[in-house]
Each structure stands twice: as structure tokens, then as C-alpha cells.
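Pasted below: model-v7.csv, CSV, C-alpha atoms.
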```
chain,number,residue,atom,x,y,z
W,1,MET,CA,-20.0,17.0,14.4
W,2,LYS,CA,-20.2,13.4,15.5
W,3,ASN,CA,-18.1,12.5,12.4
W,4,LEU,CA,-15.2,14.6,13.7
W,5,LYS,CA,-13.8,11.5,15.5
W,6,PHE,CA,-13.4,9.7,12.1
W,7,LEU,CA,-11.6,12.7,10.7
W,8,ALA,CA,-9.3,12.8,13.8
W,9,LEU,CA,-8.5,9.1,13.3
W,10,GLY,CA,-7.9,9.6,9.6
W,11,ILE,CA,-5.5,12.4,10.2
W,12,LEU,CA,-3.6,10.4,12.8
W,13,PHE,CA,-3.4,7.4,10.3
W,14,GLY,CA,-2.1,9.7,7.6
W,15,PHE,CA,0.4,11.3,10.0
W,16,ILE,CA,1.7,7.8,11.1
W,17,LEU,CA,2.0,6.6,7.5
W,18,ILE,CA,4.2,9.5,6.6
W,19,LYS,CA,6.3,9.6,9.8
W,20,GLY,CA,6.7,5.8,9.7
W,21,GLU,CA,8.1,6.3,6.1
W,22,VAL,CA,5.9,3.4,4.9
W,23,ILE,CA,4.6,5.5,2.1
W,24,SER,CA,8.1,5.9,0.6
W,25,TRP,CA,8.6,4.3,-2.8
W,26,PHE,CA,12.2,3.7,-1.7
W,27,ARG,CA,11.2,1.8,1.4
W,28,ILE,CA,8.9,-0.5,-0.6
W,29,GLN,CA,11.7,-1.2,-3.1
W,30,GLU,CA,14.0,-1.9,-0.1
W,31,MET,CA,11.4,-4.3,1.3
W,32,PHE,CA,10.9,-6.3,-2.0
W,33,ARG,CA,14.7,-6.6,-2.2
W,34,PHE,CA,15.0,-7.9,1.4
W,35,GLN,CA,17.5,-5.1,2.2
W,36,SER,CA,16.1,-3.8,5.5
W,37,PHE,CA,13.9,-4.9,8.4
W,38,HIS,CA,12.0,-1.6,8.4
W,39,MET,CA,8.8,-2.5,6.5
W,40,TYR,CA,8.7,-6.0,8.0
W,41,GLY,CA,9.0,-4.6,11.5
W,42,VAL,CA,6.2,-2.1,10.8
W,43,ILE,CA,3.9,-4.7,9.3
W,44,CYS,CA,4.6,-7.4,11.9
W,45,SER,CA,4.1,-5.1,14.8
W,46,ALA,CA,0.9,-3.8,13.2
W,47,ILE,CA,-0.4,-7.4,13.0
W,48,VAL,CA,0.5,-8.1,16.7
W,49,VAL,CA,-1.2,-4.9,17.8
W,50,GLY,CA,-4.2,-5.8,15.7
W,51,MET,CA,-4.4,-9.3,17.2
W,52,ILE,CA,-4.3,-8.0,20.7
W,53,SER,CA,-6.9,-5.3,19.9
W,54,ILE,CA,-9.2,-7.9,18.4
W,55,LEU,CA,-8.7,-10.2,21.5
W,56,ILE,CA,-9.6,-7.3,23.8
W,57,ILE,CA,-12.6,-6.3,21.8
W,58,LYS,CA,-13.9,-9.9,21.8
W,59,LYS,CA,-13.1,-10.7,25.4
W,60,PHE,CA,-14.6,-7.6,26.9
W,61,LYS,CA,-17.4,-7.4,24.2
W,62,ILE,CA,-16.4,-3.8,23.5
W,63,LYS,CA,-19.1,-1.8,21.6
W,64,THR,CA,-18.8,1.0,19.1
W,65,PHE,CA,-19.3,4.6,20.0
W,66,SER,CA,-23.0,4.3,19.1
W,67,GLY,CA,-23.4,1.2,21.2
W,68,GLU,CA,-23.4,-1.5,18.5
W,69,GLU,CA,-21.7,-4.8,18.8
W,70,ILE,CA,-18.4,-5.0,16.9
W,71,LYS,CA,-18.6,-7.8,14.3
W,72,ILE,CA,-15.6,-8.6,12.0
W,73,ASP,CA,-16.9,-10.6,9.1
W,74,PRO,CA,-14.7,-13.6,8.1
W,75,LYS,CA,-12.9,-13.3,4.8
W,76,GLU,CA,-14.3,-15.6,2.1
W,77,PHE,CA,-11.9,-17.2,-0.3
W,78,THR,CA,-12.3,-16.7,-4.0
W,79,LYS,CA,-9.9,-17.0,-7.0
W,80,GLY,CA,-9.7,-13.2,-6.7
W,81,ASN,CA,-7.6,-13.6,-3.6
W,82,VAL,CA,-4.9,-15.1,-5.8
W,83,ILE,CA,-5.4,-13.3,-9.2
W,84,GLY,CA,-6.3,-10.0,-7.7
W,85,GLY,CA,-3.6,-10.3,-5.1
W,86,LEU,CA,-0.9,-10.9,-7.8
W,87,LEU,CA,-2.2,-7.9,-9.8
W,88,PHE,CA,-2.2,-5.7,-6.7
W,89,GLY,CA,1.4,-6.8,-5.9
W,90,LEU,CA,2.6,-5.7,-9.4
W,91,GLY,CA,1.0,-2.3,-8.9
W,92,TRP,CA,2.4,-2.0,-5.3
W,93,ALA,CA,6.0,-2.5,-6.5
W,94,MET,CA,5.5,-0.1,-9.5
W,95,THR,CA,4.0,2.9,-7.6
W,96,GLY,CA,5.5,2.0,-4.2
W,97,ALA,CA,2.1,2.6,-2.7
W,98,CYS,CA,-1.1,0.9,-1.7
W,99,PRO,CA,-4.6,2.5,-1.4
W,100,GLY,CA,-4.1,4.3,2.0
W,101,PRO,CA,-0.7,5.7,1.2
W,102,LEU,CA,-2.0,7.2,-2.1
W,103,TYR,CA,-4.0,9.8,0.0
W,104,ALA,CA,-1.2,10.4,2.4
W,105,LEU,CA,1.3,11.0,-0.5
W,106,ILE,CA,-1.1,13.5,-2.1
W,107,GLY,CA,-1.5,15.3,1.3
W,108,SER,CA,2.3,15.3,1.7
W,109,GLY,CA,2.6,17.3,-1.4
W,110,SER,CA,3.2,14.8,-4.2
W,111,LEU,CA,0.5,16.0,-6.6
W,112,ILE,CA,1.4,13.6,-9.3
W,113,VAL,CA,0.0,10.9,-7.1
W,114,ILE,CA,-3.5,12.3,-7.9
W,115,ALA,CA,-3.0,10.7,-11.4
W,116,VAL,CA,-2.2,7.3,-9.7
W,117,LEU,CA,-5.3,7.7,-7.5
W,118,LEU,CA,-7.6,8.5,-10.4
W,119,SER,CA,-6.2,5.5,-12.3
W,120,ALA,CA,-6.8,3.3,-9.2
W,121,VAL,CA,-10.4,4.5,-8.9
W,122,PHE,CA,-10.8,3.8,-12.7
W,123,GLY,CA,-9.4,0.3,-12.0
W,124,THR,CA,-12.1,-0.4,-9.3
W,125,TYR,CA,-14.7,0.8,-11.8
W,126,ILE,CA,-13.4,-1.6,-14.5
W,127,TYR,CA,-13.5,-4.4,-12.0
W,128,GLY,CA,-17.2,-3.6,-11.4
W,129,VAL,CA,-17.9,-3.7,-15.1
W,130,LEU,CA,-16.1,-7.0,-15.7
W,131,LYS,CA,-17.0,-8.6,-12.3
W,132,ASP,CA,-19.4,-11.2,-13.8
W,133,LYS,CA,-17.0,-12.3,-16.5
W,134,LEU,CA,-14.0,-12.8,-14.1
W,135,PRO,CA,-13.2,-16.1,-12.4
W,136,HIS,CA,-14.2,-16.1,-8.7
I,137,MET,CA,12.5,22.7,17.9
I,138,TYR,CA,11.2,19.3,18.8
I,139,CYS,CA,7.8,20.2,17.6
I,140,ARG,CA,9.1,21.3,14.3
I,141,LEU,CA,10.8,17.9,13.9
I,142,CYS,CA,7.6,16.2,14.8
I,143,PHE,CA,5.7,17.8,11.9
I,144,GLN,CA,8.6,17.6,9.4
I,145,LYS,CA,8.1,15.4,6.3
I,146,PRO,CA,10.8,12.7,6.1
I,147,ASN,CA,13.1,13.9,3.3
I,148,ASN,CA,16.2,11.8,3.0
I,149,ILE,CA,15.0,8.3,4.0
I,150,ALA,CA,17.8,6.4,5.8
I,151,LEU,CA,17.8,3.5,3.4
I,152,SER,CA,20.2,0.6,3.8
I,153,GLU,CA,23.4,1.0,1.7
I,154,SER,CA,22.5,-2.1,-0.3
I,155,ALA,CA,19.1,-0.6,-1.2
I,156,VAL,CA,20.7,2.6,-2.4
I,157,THR,CA,23.1,0.6,-4.6
I,158,SER,CA,20.3,-1.6,-6.0
I,159,ILE,CA,17.9,1.3,-6.7
I,160,SER,CA,20.8,3.2,-8.3
I,161,THR,CA,21.1,0.4,-10.9
I,162,LEU,CA,17.6,1.3,-12.0
I,163,GLY,CA,18.9,4.6,-13.1
I,164,ILE,CA,17.6,6.6,-10.1
I,165,THR,CA,19.9,9.2,-8.7
I,166,ASN,CA,17.6,11.5,-6.8
I,167,PHE,CA,16.8,9.9,-3.4
I,168,SER,CA,15.2,12.9,-1.8
I,169,GLY,CA,11.5,13.0,-0.8
I,170,LEU,CA,9.2,10.0,-0.5
I,171,ILE,CA,9.0,9.1,-4.2
I,172,PRO,CA,11.6,9.3,-6.9
I,173,ALA,CA,11.0,12.7,-8.6
I,174,GLU,CA,12.7,11.5,-11.8
I,175,ILE,CA,9.8,9.0,-12.5
I,176,PHE,CA,6.9,10.5,-10.7
I,177,ASN,CA,6.3,14.0,-12.2
I,178,PHE,CA,3.8,15.4,-14.6
I,179,SER,CA,6.0,15.6,-17.6
I,180,SER,CA,7.1,11.9,-17.3
I,181,LEU,CA,3.4,11.1,-17.6
I,182,LEU,CA,3.8,11.7,-21.3
I,183,THR,CA,6.7,9.2,-21.6
I,184,LEU,CA,6.2,5.4,-22.0
I,185,LYS,CA,8.0,4.6,-18.8
I,186,GLY,CA,6.2,7.2,-16.7
I,187,PHE,CA,2.8,6.3,-18.2
I,188,ILE,CA,3.3,2.6,-17.3
I,189,LEU,CA,4.5,3.2,-13.8
I,190,ILE,CA,1.9,6.0,-12.9
I,191,ILE,CA,-1.2,5.0,-14.8
I,192,ILE,CA,-0.9,1.3,-15.3
I,193,GLY,CA,0.5,0.9,-11.8
I,194,GLY,CA,-2.4,2.9,-10.3
I,195,PHE,CA,-4.9,0.9,-12.3
I,196,LEU,CA,-3.4,-2.4,-11.0
I,197,ILE,CA,-3.7,-1.1,-7.4
I,198,GLY,CA,-7.4,-0.3,-7.8
I,199,PHE,CA,-8.4,-3.3,-9.9
I,200,GLY,CA,-6.3,-5.8,-7.8
I,201,THR,CA,-7.6,-4.5,-4.5
I,202,ARG,CA,-11.2,-4.8,-5.5
I,203,TYR,CA,-10.6,-8.3,-7.1
I,204,ALA,CA,-8.7,-9.6,-4.1
I,205,ASN,CA,-11.4,-8.0,-1.8
I,206,GLY,CA,-8.8,-6.2,0.3
I,207,CYS,CA,-5.4,-4.4,0.3
I,208,THR,CA,-2.4,-4.4,2.6
I,209,SER,CA,-4.5,-2.9,5.5
I,210,GLY,CA,-7.5,-5.2,4.9
I,211,HIS,CA,-5.7,-8.5,4.3
I,212,ALA,CA,-2.1,-8.2,5.4
I,213,ILE,CA,-2.8,-6.4,8.7
I,214,MET,CA,-6.5,-6.8,9.6
I,215,GLY,CA,-7.1,-10.2,8.0
I,216,MET,CA,-3.9,-11.7,9.4
I,217,SER,CA,-4.7,-10.2,12.9
I,218,ASN,CA,-8.0,-11.9,12.7
I,219,LEU,CA,-6.4,-15.2,11.6
I,220,GLN,CA,-8.2,-15.4,8.3
I,221,TRP,CA,-6.5,-17.9,6.0
I,222,PRO,CA,-7.8,-16.2,2.7
I,223,SER,CA,-6.0,-13.1,3.9
I,224,LEU,CA,-2.8,-15.1,4.3
I,225,VAL,CA,-3.1,-16.4,0.7
I,226,SER,CA,-3.7,-12.8,-0.5
I,227,THR,CA,-0.8,-11.4,1.4
I,228,CYS,CA,1.5,-14.1,-0.1
I,229,CYS,CA,0.1,-13.2,-3.6
I,230,PHE,CA,0.7,-9.4,-2.9
I,231,PHE,CA,4.3,-10.3,-2.2
I,232,ALA,CA,4.7,-12.7,-5.2
I,233,GLY,CA,3.4,-9.9,-7.5
I,234,GLY,CA,5.7,-7.4,-5.9
I,235,LEU,CA,8.7,-9.6,-6.1
I,236,LEU,CA,8.0,-10.4,-9.8
I,237,MET,CA,7.7,-6.7,-10.5
I,238,THR,CA,10.8,-5.7,-8.5
I,239,TRP,CA,13.2,-8.4,-9.7
I,240,VAL,CA,12.0,-9.1,-13.3
I,241,ILE,CA,9.7,-6.5,-14.8
I,242,LEU,CA,10.7,-3.2,-13.2
I,243,PRO,CA,14.3,-3.3,-14.6
I,244,ILE,CA,12.8,-3.7,-18.1
I,245,ILE,CA,10.3,-0.9,-17.7
I,246,MET,CA,13.1,1.4,-16.3
I,247,LYS,CA,15.1,0.8,-19.5
I,248,LEU,CA,12.2,2.0,-21.8
```
Transcribe the structure of this file into C-alpha cells.
Amino acid sequence: MKNLKFLALGILFGFILIKGEVISWFRIQEMFRFQSFHMYGVICSAIVVGMISILIIKKFKIKTFSGEEIKIDPKEFTKGNVIGGLLFGLGWAMTGACPGPLYALIGSGSLIVIAVLLSAVFGTYIYGVLKDKLPH
Amino acid sequence: MYCRLCFQKPNNIALSESAVTSISTLGITNFSGLIPAEIFNFSSLLTLKGFILIIIGGFLIGFGTRYANGCTSGHAIMGMSNLQWPSLVSTCCFFAGGLLMTWVILPIIMKL
């Protein structure tokens, strides 16, 4: 029962991804072609809201539902940030989706995206296999 | 009425005219729904173009996200909100990869 709140947040997230049209392949193409402000507006306002939220959480030392301190680990830089980032970008423009939207697209009725998701999960597995051989 | 609109899936996305023109040059004519039905369907999975976009594209999303240690949510939104410079680097790389695909590679794949 106590996990229901995560379910509610997930449903809300999926709903917003669909209604904001950010899971649209067409919108992603439009973004990479600099032909509309839509995606930039969504991403930039999300960053601003995120910044304000983090400031409030830090300033008022807000705790989680279970009373733990909220700690956001700093991101460590590796070569993966560059190489992995470039590879991800290629896939982003091909499928018009990133990991979150894959689930929302399936839920919205595009069943072919199940194939994209399975392939993405396979990609994470292959990363796990090759991890020690890749430059970091 | 309002409620029905609230829960309706966006169908014909109000793209800018220039985007419609550019996407049309890729050979896409069906602009309904969230993804172009001409490429993303089960029978195109058996064509070279469909296989590359669906399977290789999906693989790159998964592999790249793990390798970069984050995706658009983790790096572009959360990482940048938290002023993490590695996330800024990753976000720039996401974009560089996307631009390379959109402007150089995708037109070639679409001709296959």
C-alpha cells in the first residue's frame, strides 16, 4: 500500500509526458532542426523548476516520506559522459524517444515501441558485459 | 467535454510549418499520432530501414544511457538543476549525437 504514492507519481509523469507532446517523434525532429521553441521551453522550464525544488529541499532540509534526509549525489565525470552521451543522442534522434517516454509511448498504444524498449534493455545488458573493456 | 479533452491523446501535433516541410523531405507523409506509423510498425521491423531505426536506435538509447550514467531526465534536467558540470557535458553530447543523426545520418537511413 505504501508504494501507491510512487505509482501515482509515475502515472502523473506519464500523463504529463503525453500531454506535453514531448514523447512525439515529430517534436524531437523539430527540436533537432531548431524549428520550434516547444521542446526547449519544456526542458528549460523543467530545469528552472528542478533548481527551485532543490533549493527549497536544501534550505528547509526537507525529508523523505519515511523521514530520511534527501541527498543528491554529485555526478562524477568519466569518458562515458562524452562517448555514451553521443551514442545516446544518435538513438534519441532515431527513435524520437529517451528511456522515460518509451514506457509512456507503449502505454499510449504504440505497441511497436515494446521492440524499442526490449532493444534498449538489451543495450544496458551489453554495457554491463563490456563495462571493464570500455574507456571510462 | 473538457474532461474528455483532458484525457485525449494528442493526435495531430501542431508542428511548425518548417518542421512539416523538413520531415516531409524524409519521405514521411503520415503526421498523425505521436510516432510516424510508416516507419514504426511491426512489418517495417523486417525491413533494413525499420530494423535500424527501431532495434539499433533502441539499443543506442539503452547502451548510451548506461555508459553516460544518465539520460535526459538524469543529466539534462536533474543534473543541470543541481549544477553538475558532468551533466552539462553529457547534455551537450546528447545534442551533438542528435544533430549528427538528424542532419547527416537519418536522411541516408530513410533512403534505404
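The shortest atom-to-atom distance to chain W, with all atoms listed in the file taken into account, belongs to I:Ala155 out of I:Cys139, I:Phe187, I:Pro243, I:Ala155.
Going from CA of Val129 (chain W) over to CA of Pro99 (chain W), you cover 20.1 Å.
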Select residues of chain W: the criterion is any atom within 6 Å of an atom of chain I, counting only C-alpha atoms; output as a PDB file with C-alpha atoms, in the coordinates of the input.
```pdb
ATOM      1  CA  SER W  24       8.100   5.900   0.600  1.00  0.00           C
ATOM      2  CA  TRP W  25       8.600   4.300  -2.800  1.00  0.00           C
ATOM      3  CA  GLU W  30      14.000  -1.900  -0.100  1.00  0.00           C
ATOM      4  CA  PHE W  32      10.900  -6.300  -2.000  1.00  0.00           C
ATOM      5  CA  GLN W  35      17.500  -5.100   2.200  1.00  0.00           C
ATOM      6  CA  ILE W  47      -0.400  -7.400  13.000  1.00  0.00           C
ATOM      7  CA  GLY W  50      -4.200  -5.800  15.700  1.00  0.00           C
ATOM      8  CA  MET W  51      -4.400  -9.300  17.200  1.00  0.00           C
ATOM      9  CA  PHE W  77     -11.900 -17.200  -0.300  1.00  0.00           C
ATOM     10  CA  GLY W  80      -9.700 -13.200  -6.700  1.00  0.00           C
ATOM     11  CA  ASN W  81      -7.600 -13.600  -3.600  1.00  0.00           C
ATOM     12  CA  VAL W  82      -4.900 -15.100  -5.800  1.00  0.00           C
ATOM     13  CA  GLY W  84      -6.300 -10.000  -7.700  1.00  0.00           C
ATOM     14  CA  GLY W  85      -3.600 -10.300  -5.100  1.00  0.00           C
ATOM     15  CA  LEU W  86      -0.900 -10.900  -7.800  1.00  0.00           C
ATOM     16  CA  LEU W  87      -2.200  -7.900  -9.800  1.00  0.00           C
ATOM     17  CA  PHE W  88      -2.200  -5.700  -6.700  1.00  0.00           C
ATOM     18  CA  GLY W  89       1.400  -6.800  -5.900  1.00  0.00           C
ATOM     19  CA  LEU W  90       2.600  -5.700  -9.400  1.00  0.00           C
ATOM     20  CA  GLY W  91       1.000  -2.300  -8.900  1.00  0.00           C
ATOM     21  CA  ALA W  93       6.000  -2.500  -6.500  1.00  0.00           C
ATOM     22  CA  MET W  94       5.500  -0.100  -9.500  1.00  0.00           C
ATOM     23  CA  THR W  95       4.000   2.900  -7.600  1.00  0.00           C
ATOM     24  CA  ILE W 112       1.400  13.600  -9.300  1.00  0.00           C
ATOM     25  CA  VAL W 116      -2.200   7.300  -9.700  1.00  0.00           C
ATOM     26  CA  SER W 119      -6.200   5.500 -12.300  1.00  0.00           C
ATOM     27  CA  ALA W 120      -6.800   3.300  -9.200  1.00  0.00           C
ATOM     28  CA  VAL W 121     -10.400   4.500  -8.900  1.00  0.00           C
ATOM     29  CA  GLY W 123      -9.400   0.300 -12.000  1.00  0.00           C
ATOM     30  CA  THR W 124     -12.100  -0.400  -9.300  1.00  0.00           C
ATOM     31  CA  TYR W 127     -13.500  -4.400 -12.000  1.00  0.00           C
TER      32      TYR W 127
END
```
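Going from CA of Lys5 (chain W) to CA of Val49 (chain W) covers 20.8 Å.
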So how many Å separate CA of Leu9 (chain W) and CA of Gly109 (chain W), to one decimal?
20.2 Å
Counting only C-alpha atoms, note down every residue that has an atom within 12 Å of the point (-10.6, -23.3, -10.7) (file coordinates), as an MDAnalysis selection string.
chainID W and resid 78:80 82:83 134:136
Option closest in space to Leu117 (chain W), from W:Arg33, W:Leu55, W:Leu130, W:Tyr103 [counting only C-alpha atoms]:
W:Tyr103
